[in-house]
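Asker: My structure file query_19.txt, compact mmCIF, C-alpha atoms, is below:
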```
# COMPACT_ATOMS: atom_id res chain seq x y z
CA MET A 1 0.73 -42.05 -53.50
CA LEU A 2 -0.67 -41.66 -50.01
CA ILE A 3 2.79 -41.52 -48.44
CA VAL A 4 3.87 -38.82 -50.88
CA VAL A 5 0.86 -36.65 -49.99
CA VAL A 6 1.39 -37.19 -46.27
CA SER A 7 5.03 -36.26 -46.34
CA ARG A 8 4.47 -33.22 -48.59
CA VAL A 9 1.66 -31.88 -46.42
CA PHE A 10 3.55 -32.33 -43.21
CA ARG A 11 6.84 -31.00 -44.43
CA LYS A 12 5.11 -27.73 -45.30
CA ALA A 13 3.15 -27.70 -42.04
CA ALA A 14 6.25 -28.33 -40.00
CA ALA A 15 8.14 -25.57 -41.77
CA ILE A 16 5.40 -23.02 -41.03
CA GLY A 17 5.16 -24.26 -37.43
CA ILE A 18 8.90 -23.93 -36.89
CA MET A 19 8.85 -20.47 -38.46
CA LEU A 20 6.10 -19.35 -36.06
CA CYS A 21 8.08 -20.87 -33.19
CA SER A 22 11.22 -18.96 -33.99
CA VAL A 23 9.34 -15.67 -34.39
CA TRP A 24 7.79 -16.26 -30.96
CA GLY A 25 11.18 -17.22 -29.48
CA ALA A 26 12.85 -14.06 -30.76
CA GLY A 27 10.01 -11.97 -29.34
CA VAL A 28 10.19 -13.31 -25.80
CA ALA A 29 13.96 -13.72 -25.50
CA VAL A 30 15.55 -11.34 -22.99
CA ALA A 31 17.55 -8.74 -24.86
CA ALA A 32 21.17 -9.27 -23.89
CA THR A 33 22.84 -6.08 -22.80
CA SER A 34 25.87 -4.79 -20.91
CA ALA A 35 26.82 -2.15 -18.37
CA ASN A 36 28.39 -0.07 -21.15
CA GLU A 37 25.25 -0.21 -23.28
CA GLN A 38 23.00 0.73 -20.38
CA MET A 39 25.31 3.55 -19.31
CA ALA A 40 25.27 4.90 -22.87
CA ALA A 41 21.47 4.72 -23.00
CA TYR A 42 21.05 6.59 -19.69
CA ALA A 43 23.67 9.15 -20.75
CA ALA A 44 21.86 9.77 -24.05
CA GLN A 45 18.62 10.21 -22.14
CA SER A 46 20.17 12.72 -19.74
CA GLY A 47 22.13 14.61 -22.39
CA GLN A 48 25.35 14.69 -20.35
CA ASP A 49 28.53 12.59 -20.27
CA PRO A 50 28.68 10.08 -17.44
CA GLN A 51 31.31 10.75 -14.77
CA ALA A 52 32.68 8.07 -12.44
CA ILE A 53 33.70 10.63 -9.80
CA ARG A 54 30.15 12.03 -9.60
CA GLY A 55 28.86 8.46 -9.47
CA GLN A 56 31.16 7.69 -6.56
CA ALA A 57 29.93 10.71 -4.59
CA PHE A 58 26.33 9.68 -5.28
CA PHE A 59 26.99 6.04 -4.37
CA THR A 60 28.72 6.73 -1.06
CA SER A 61 26.58 9.53 0.37
CA LYS A 62 23.34 9.46 2.27
CA HIS A 63 20.72 11.57 0.61
CA GLY A 64 18.97 12.85 3.70
CA LYS A 65 17.76 9.39 4.66
CA ASP A 66 19.15 6.39 6.56
CA TRP A 67 21.13 4.56 3.90
CA SER A 68 23.68 5.13 1.17
CA CYS A 69 24.18 2.65 -1.69
CA SER A 70 27.50 1.72 -0.11
CA ASN A 71 25.78 0.69 3.15
CA CYS A 72 24.80 -2.56 1.48
CA HIS A 73 27.15 -2.68 -1.52
CA THR A 74 30.32 -1.41 0.26
CA ALA A 75 32.21 1.68 -0.92
CA THR A 76 34.47 -0.51 -3.06
CA PRO A 77 31.92 -2.55 -4.97
CA THR A 78 34.50 -5.10 -6.06
CA SER A 79 33.80 -6.98 -2.86
CA GLN A 80 30.76 -8.78 -1.51
CA GLY A 81 28.19 -6.63 0.23
CA LYS A 82 25.58 -7.36 2.88
CA HIS A 83 21.91 -6.38 3.06
CA ALA A 84 21.55 -3.76 5.81
CA SER A 85 18.50 -5.33 7.42
CA THR A 86 18.43 -9.00 6.44
CA GLY A 87 22.19 -9.63 6.49
CA LYS A 88 22.01 -11.56 3.22
CA ALA A 89 25.23 -11.55 1.17
CA ILE A 90 25.14 -9.39 -1.97
CA ALA A 91 27.47 -10.29 -4.83
CA PRO A 92 29.85 -7.52 -6.03
CA MET A 93 28.31 -4.71 -8.11
CA ALA A 94 31.34 -3.93 -10.31
CA PRO A 95 30.78 -5.76 -13.63
CA ALA A 96 34.49 -6.66 -13.92
CA PHE A 97 34.12 -8.63 -10.70
CA ASN A 98 30.65 -10.02 -11.38
CA PRO A 99 29.73 -10.54 -15.04
CA GLU A 100 26.05 -11.04 -14.13
CA ARG A 101 25.72 -7.34 -13.31
CA PHE A 102 23.83 -5.21 -15.84
CA ALA A 103 23.21 -8.17 -18.13
CA ASP A 104 19.45 -7.56 -18.13
CA ALA A 105 18.04 -4.03 -18.55
CA ALA A 106 14.71 -4.87 -16.87
CA LYS A 107 16.53 -6.17 -13.81
CA THR A 108 18.64 -3.02 -13.65
CA GLU A 109 15.52 -0.86 -13.79
CA LYS A 110 13.76 -2.93 -11.13
CA TRP A 111 16.59 -2.61 -8.63
CA LEU A 112 17.26 1.07 -9.36
CA ARG A 113 13.56 1.86 -8.92
CA ARG A 114 13.49 0.20 -5.49
CA ASN A 115 16.90 1.15 -4.20
CA CYS A 116 16.76 4.79 -5.31
CA ASN A 117 13.45 5.00 -3.48
CA ASP A 118 15.04 3.54 -0.32
CA VAL A 119 18.21 5.63 -0.46
CA VAL A 120 17.15 8.89 -2.09
CA GLY A 121 13.41 8.83 -1.54
CA ARG A 122 12.64 9.26 -5.23
CA GLU A 123 13.50 7.78 -8.62
CA CYS A 124 17.07 8.41 -9.77
CA SER A 125 17.54 10.58 -12.83
CA ALA A 126 19.02 9.10 -16.01
CA GLY A 127 22.16 11.18 -15.38
CA GLU A 128 22.57 9.76 -11.88
CA LYS A 129 22.16 6.22 -13.19
CA ALA A 130 24.78 6.78 -15.90
CA ASP A 131 27.21 8.25 -13.33
CA VAL A 132 26.79 5.31 -10.96
CA ILE A 133 27.37 2.78 -13.75
CA ALA A 134 30.47 4.76 -14.81
CA PHE A 135 31.71 4.51 -11.22
CA LEU A 136 31.09 0.75 -11.12
CA LEU A 137 32.81 0.32 -14.49
CA SER A 138 35.89 2.20 -13.24
CA PHE A 139 36.90 -0.90 -11.24
CA LYS A 140 39.08 -3.11 -13.40
CA ARG A 141 40.68 -6.43 -12.70
CA MET B 142 -12.01 -44.54 -46.07
CA SER B 143 -11.37 -43.76 -49.73
CA ASN B 144 -8.11 -42.37 -50.94
CA GLN B 145 -9.93 -39.11 -51.73
CA SER B 146 -11.31 -38.60 -48.24
CA VAL B 147 -7.93 -39.35 -46.70
CA LYS B 148 -6.50 -36.61 -48.89
CA ARG B 149 -9.25 -34.21 -47.76
CA THR B 150 -8.57 -34.94 -44.10
CA LEU B 151 -4.87 -34.38 -44.64
CA LEU B 152 -5.50 -31.09 -46.43
CA ARG B 153 -7.58 -29.90 -43.52
CA SER B 154 -4.79 -30.86 -41.13
CA LYS B 155 -2.36 -29.00 -43.37
CA PHE B 156 -3.97 -25.79 -42.17
CA LEU B 157 -4.25 -26.86 -38.58
CA ALA B 158 -0.81 -28.41 -38.14
CA PRO B 159 1.21 -25.17 -38.06
CA PHE B 160 -1.01 -23.85 -35.31
CA LEU B 161 -0.79 -27.09 -33.37
CA LEU B 162 3.01 -26.99 -33.60
CA PHE B 163 3.00 -23.35 -32.58
CA ALA B 164 0.77 -24.13 -29.60
CA LEU B 165 3.13 -26.95 -28.60
CA CYS B 166 6.15 -24.70 -28.68
CA ILE B 167 4.62 -21.85 -26.64
CA ALA B 168 2.80 -24.08 -24.14
CA PRO B 169 5.79 -24.80 -21.86
CA GLY B 170 6.82 -21.12 -21.78
CA THR B 171 3.31 -19.94 -20.98
CA GLN B 172 3.06 -22.51 -18.24
CA ALA B 173 6.37 -21.42 -16.72
CA ALA B 174 5.16 -17.83 -16.66
CA THR B 175 1.86 -18.51 -14.95
CA VAL B 176 2.21 -21.68 -12.89
CA ASP B 177 5.71 -21.50 -11.50
CA GLY B 178 5.06 -19.26 -8.52
CA ALA B 179 7.56 -21.25 -6.46
CA ALA B 180 10.41 -20.32 -8.80
CA ALA B 181 9.33 -16.67 -8.86
CA TYR B 182 9.15 -16.64 -5.04
CA GLN B 183 12.65 -18.05 -4.88
CA GLN B 184 14.03 -15.64 -7.47
CA GLU B 185 12.39 -12.44 -6.25
CA CYS B 186 11.94 -12.83 -2.48
CA ALA B 187 15.03 -14.89 -1.71
CA ALA B 188 17.14 -12.26 -3.48
CA CYS B 189 16.96 -10.27 -0.21
CA HIS B 190 16.11 -12.76 2.52
CA MET B 191 15.60 -16.41 3.26
CA ALA B 192 12.71 -18.01 1.40
CA TYR B 193 10.40 -18.37 4.40
CA PRO B 194 8.20 -21.46 4.10
CA PRO B 195 4.74 -20.22 3.02
CA GLY B 196 3.12 -22.37 5.72
CA MET B 197 4.52 -20.09 8.40
CA LEU B 198 1.91 -17.36 7.80
CA PRO B 199 -1.85 -17.48 7.23
CA VAL B 200 -3.47 -16.41 3.95
CA ALA B 201 -4.51 -12.99 5.28
CA SER B 202 -0.93 -12.12 6.25
CA TRP B 203 0.51 -13.12 2.86
CA LYS B 204 -2.24 -11.13 1.16
CA ARG B 205 -1.35 -7.99 3.10
CA LEU B 206 2.39 -8.46 2.62
CA MET B 207 2.05 -8.96 -1.12
CA GLY B 208 -0.25 -5.94 -1.36
CA GLY B 209 2.27 -3.66 0.33
CA LEU B 210 5.61 -4.55 -1.26
CA HIS B 211 6.49 -0.89 -1.90
CA GLN B 212 6.89 -0.60 1.90
CA HIS B 213 8.15 -4.01 2.93
CA PHE B 214 9.59 -3.91 6.47
CA GLY B 215 11.40 -0.65 5.75
CA ALA B 216 12.45 -1.33 2.17
CA ASP B 217 10.91 -0.93 -1.28
CA ALA B 218 10.44 -4.48 -2.58
CA SER B 219 7.96 -3.58 -5.33
CA LEU B 220 7.51 -5.92 -8.29
CA ASP B 221 5.76 -5.74 -11.63
CA ALA B 222 2.07 -6.59 -11.26
CA ALA B 223 2.25 -9.93 -13.09
CA THR B 224 5.13 -11.32 -10.98
CA ALA B 225 3.56 -10.03 -7.76
CA ALA B 226 0.25 -11.72 -8.60
CA GLU B 227 1.98 -14.96 -9.49
CA ILE B 228 3.88 -15.06 -6.19
CA ALA B 229 0.82 -13.95 -4.20
CA ASN B 230 -1.26 -16.77 -5.68
CA TRP B 231 1.38 -19.33 -4.88
CA LEU B 232 1.85 -18.10 -1.31
CA GLN B 233 -1.88 -18.10 -0.68
CA ALA B 234 -2.24 -21.59 -2.10
CA HIS B 235 0.47 -22.84 0.26
CA ALA B 236 -0.24 -20.64 3.28
CA GLY B 237 -0.37 -22.11 6.78
CA THR B 238 -3.56 -23.87 7.71
CA TYR B 239 -2.53 -25.52 10.98
CA LYS B 240 -4.37 -24.19 13.98
CA ARG B 241 -1.29 -22.50 15.42
CA VAL B 242 -0.55 -20.62 12.19
CA SER B 243 -4.13 -19.52 11.56
CA GLU B 244 -3.70 -16.53 13.85
CA GLU B 245 -2.29 -13.45 12.06
CA PRO B 246 0.85 -12.32 13.92
CA PRO B 247 1.40 -8.62 14.75
CA HIS B 248 2.70 -6.72 11.68
CA ASP B 249 2.55 -10.04 9.81
CA ARG B 250 5.96 -10.88 11.23
CA ILE B 251 6.64 -14.62 11.44
CA THR B 252 8.94 -13.90 14.39
CA GLN B 253 6.08 -12.40 16.37
CA SER B 254 3.81 -15.41 15.94
CA LYS B 255 2.89 -17.03 19.25
CA TRP B 256 4.25 -20.40 18.09
CA PHE B 257 7.57 -18.79 17.08
CA VAL B 258 7.99 -17.04 20.43
CA ARG B 259 7.08 -20.24 22.28
CA GLN B 260 9.57 -22.33 20.27
CA HIS B 261 12.40 -19.89 21.04
CA HIS B 262 11.53 -19.02 24.65
CA GLU B 263 14.76 -20.52 26.07
CA LEU B 264 16.95 -18.06 24.17
CA SER B 265 18.03 -14.92 26.00
CA ALA B 266 17.83 -11.49 24.35
CA ALA B 267 21.65 -11.44 24.25
CA VAL B 268 21.72 -14.39 21.82
CA TRP B 269 19.49 -12.54 19.31
CA GLN B 270 21.72 -9.48 19.57
CA ARG B 271 24.96 -11.29 18.73
CA ALA B 272 26.53 -9.87 15.56
CA SER B 273 26.69 -13.43 14.24
CA VAL B 274 22.92 -13.81 14.64
CA GLY B 275 21.78 -10.27 13.86
CA SER B 276 18.04 -10.78 13.81
CA ALA B 277 15.37 -13.37 14.56
CA SER B 278 14.36 -13.20 10.91
CA ARG B 279 17.55 -14.95 9.82
CA CYS B 280 16.40 -18.52 10.43
CA ASP B 281 19.27 -20.01 8.42
CA VAL B 282 21.92 -18.68 10.79
CA CYS B 283 20.99 -21.37 13.35
CA HIS B 284 18.83 -23.72 11.24
CA ALA B 285 21.13 -24.72 8.36
CA GLY B 286 18.30 -26.41 6.44
CA ALA B 287 15.84 -23.53 6.90
CA ALA B 288 15.63 -22.55 3.24
CA LYS B 289 14.52 -26.13 2.51
CA GLY B 290 12.00 -26.05 5.33
CA HIS B 291 14.08 -28.14 7.74
CA PHE B 292 13.86 -26.86 11.31
CA ASN B 293 14.64 -30.02 13.29
CA GLU B 294 15.74 -29.08 16.80
CA ASP B 295 18.61 -31.61 16.72
CA ASP B 296 20.25 -29.75 13.83
CA VAL B 297 20.28 -26.33 15.51
CA ARG B 298 23.72 -24.71 15.79
CA ILE B 299 23.72 -21.29 17.45
CA PRO B 300 26.81 -19.29 16.41
CA LYS B 301 28.99 -17.75 19.12
```
Hey, can you dump this file as structure tokens for me?
Answerer:
Amino acid sequence: MLIVVVSRVFRKAAAIGIMLCSVWGAGVAVAATSANEQMAAYAAQSGQDPQAIRGQAFFTSKHGKDWSCSNCHTATPTSQGKHASTGKAIAPMAPAFNPERFADAAKTEKWLRRNCNDVVGRECSAGEKADVIAFLLSFKR
Amino acid sequence: MSNQSVKRTLLRSKFLAPFLLFALCIAPGTQAATVDGAAAYQQECAACHMAYPPGMLPVASWKRLMGGLHQHFGADASLDAATAAEIANWLQAHAGTYKRVSEEPPHDRITQSKWFVRQHHELSAAVWQRASVGSASRCDVCHAGAAKGHFNEDDVRIPK
């Protein structure tokens, strides 16, 4: 009798516990994403189609300050770059050559916030972000 | 204990058990988010430069550096508030306390600390300017074990 009660009580308890666990897990898991998805989201926000050629111009020019994106990431972002001041190696930016790129939207936003500030002196617009991703996606293996 | 009271105790635990299980499953995650400043330091700071051993600067210097990440030696290194606080706490807990590190170096630059200058006094300016060296801030160019805190003089290899 006692064993039956114990097992019934705990089976139910465990089920509810596991359910709560999985709800929590789903909530905190990093939403998987891709360069294409993020480009589409920025394009939708800007209301214009992304253009690789505009992205290239943006990526390789200085915007009235000291650096361009290509200073650290090279003008052909299929190859390894180098941090302009610390000299640290930077893995390629083109997703076809580095699958880790644009796999996490929060990481993308963090780096764009900082690097746009360093290069352009302001936040980049959604259209500029979409163009740059289009440029990086134009490199295929 | 009678059979009845055992049943009562179990029924009470029936309501508590799901919450205990839930607490067990979130506990490791919560801990990782708040206690693991070392991992956050490695992930965020070492993305751009060597992970300088926290003992190389005093508390006051780390405090200032972590409070001014939006202008970090010429670059925007800003972080979300929670990550910045986590790293700041860890750095301050492990900051240098030896006598020679207690003095705040100019601009909070490790390379301008008196002990750093003294340790490297035999190197000419030309060595620092070599393309292969680049800057005094790149410890790991000459000290291969720098990122692990190994700076033994016998292991120094200065690139040509």
Asker: Compare A:Gly81, A:Cys69, A:Asn115, A:Asn98 by their minimum atom-to-atom distance to Gln56 (chain A), counting all atoms listed in the file, and give me the closest one.
Answerer: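 The shortest atom-to-atom distance to Gln56 (chain A) comes from A:Cys69.
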Asker: Between A:Pro77, A:Phe97, A:Ser34, A:Arg113, which one has atoms that come closest to Lys140 (chain A), using all atoms listed in the file?
Answerer: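 Of A:Pro77, A:Phe97, A:Ser34, A:Arg113, the one nearest Lys140 (chain A), counting all atoms listed in the file, is A:Phe97.
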Asker: Just how far from CA of Asp131 (chain A) is CA of Phe58 (chain A), in Å to one decimal?
Answerer: 8.2 Å
Asker: Please indicate the distance in Å from CA of Val200 (chain B) to CA of Ala223 (chain B), rounded to one decimal place.
Answerer: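 For CA of Val200 (chain B) relative to CA of Ala223 (chain B), the distance reads 19.1 Å.
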Asker: Please check which residues have atoms at most 10 Å from (20.1, -7.3, 5.0) in the file's coordinates, counting only C-alpha atoms, and write them as a PDB file with C-alpha atoms, keeping the file's coordinate frame.
Answerer:
```pdb
ATOM      1  CA  ASN A  71      25.780   0.690   3.150  1.00  0.00           C
ATOM      2  CA  CYS A  72      24.800  -2.560   1.480  1.00  0.00           C
ATOM      3  CA  GLY A  81      28.190  -6.630   0.230  1.00  0.00           C
ATOM      4  CA  LYS A  82      25.580  -7.360   2.880  1.00  0.00           C
ATOM      5  CA  HIS A  83      21.910  -6.380   3.060  1.00  0.00           C
ATOM      6  CA  ALA A  84      21.550  -3.760   5.810  1.00  0.00           C
ATOM      7  CA  SER A  85      18.500  -5.330   7.420  1.00  0.00           C
ATOM      8  CA  THR A  86      18.430  -9.000   6.440  1.00  0.00           C
ATOM      9  CA  GLY A  87      22.190  -9.630   6.490  1.00  0.00           C
ATOM     10  CA  LYS A  88      22.010 -11.560   3.220  1.00  0.00           C
ATOM     11  CA  ALA A  89      25.230 -11.550   1.170  1.00  0.00           C
ATOM     12  CA  ILE A  90      25.140  -9.390  -1.970  1.00  0.00           C
TER      13      ILE A  90
ATOM     14  CA  CYS B 189      16.960 -10.270  -0.210  1.00  0.00           C
ATOM     15  CA  HIS B 190      16.110 -12.760   2.520  1.00  0.00           C
ATOM     16  CA  GLY B 275      21.780 -10.270  13.860  1.00  0.00           C
ATOM     17  CA  SER B 276      18.040 -10.780  13.810  1.00  0.00           C
ATOM     18  CA  ARG B 279      17.550 -14.950   9.820  1.00  0.00           C
TER      19      ARG B 279
END
```
Asker: Need to verify the contact set: Gln253 (chain B), 12 Å, all atoms listed in the file, exclusion of same-chain residues closer than 3 positions in sequence. Can you return it as a PyMOL selection string?
Answerer: chain B and resi 197-198+242+244-250+256-262+277-278
Asker: Which of these residues is nearest to chain A, using only C-alpha atoms: B:Ala272, B:Ile251, B:Cys283, B:Ala179?
Answerer: B:Ala272
Asker: Using all atoms listed in the file, which of A:Thr108, A:Ser70, A:Gln48, A:Asn117 sits nearest chain B?
Answerer: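 For chain B, the nearest of the given residues is A:Asn117.
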Asker: Using Å and a single decimal, report how far CA of Ala236 (chain B) sits from CA of Ala180 (chain B).
Answerer: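 Distance reported for this atom pair: 16.1 Å.
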Asker: At a cut-off of 12 Å, using all atoms listed in the file, what residues contact Ile53 (chain A)? Leave out same-chain residues fewer than 6 positions from it and give the result as number ranges by chain.
Answerer: A: 59-60, 128, 130-138
Asker: For chain B, which residue out of A:Lys129, A:Asp66, A:Arg141, A:Pro92 is the nearest one, using only C-alpha atoms?
Answerer: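 Residue with the minimum atom-to-atom distance to chain B: A:Asp66.
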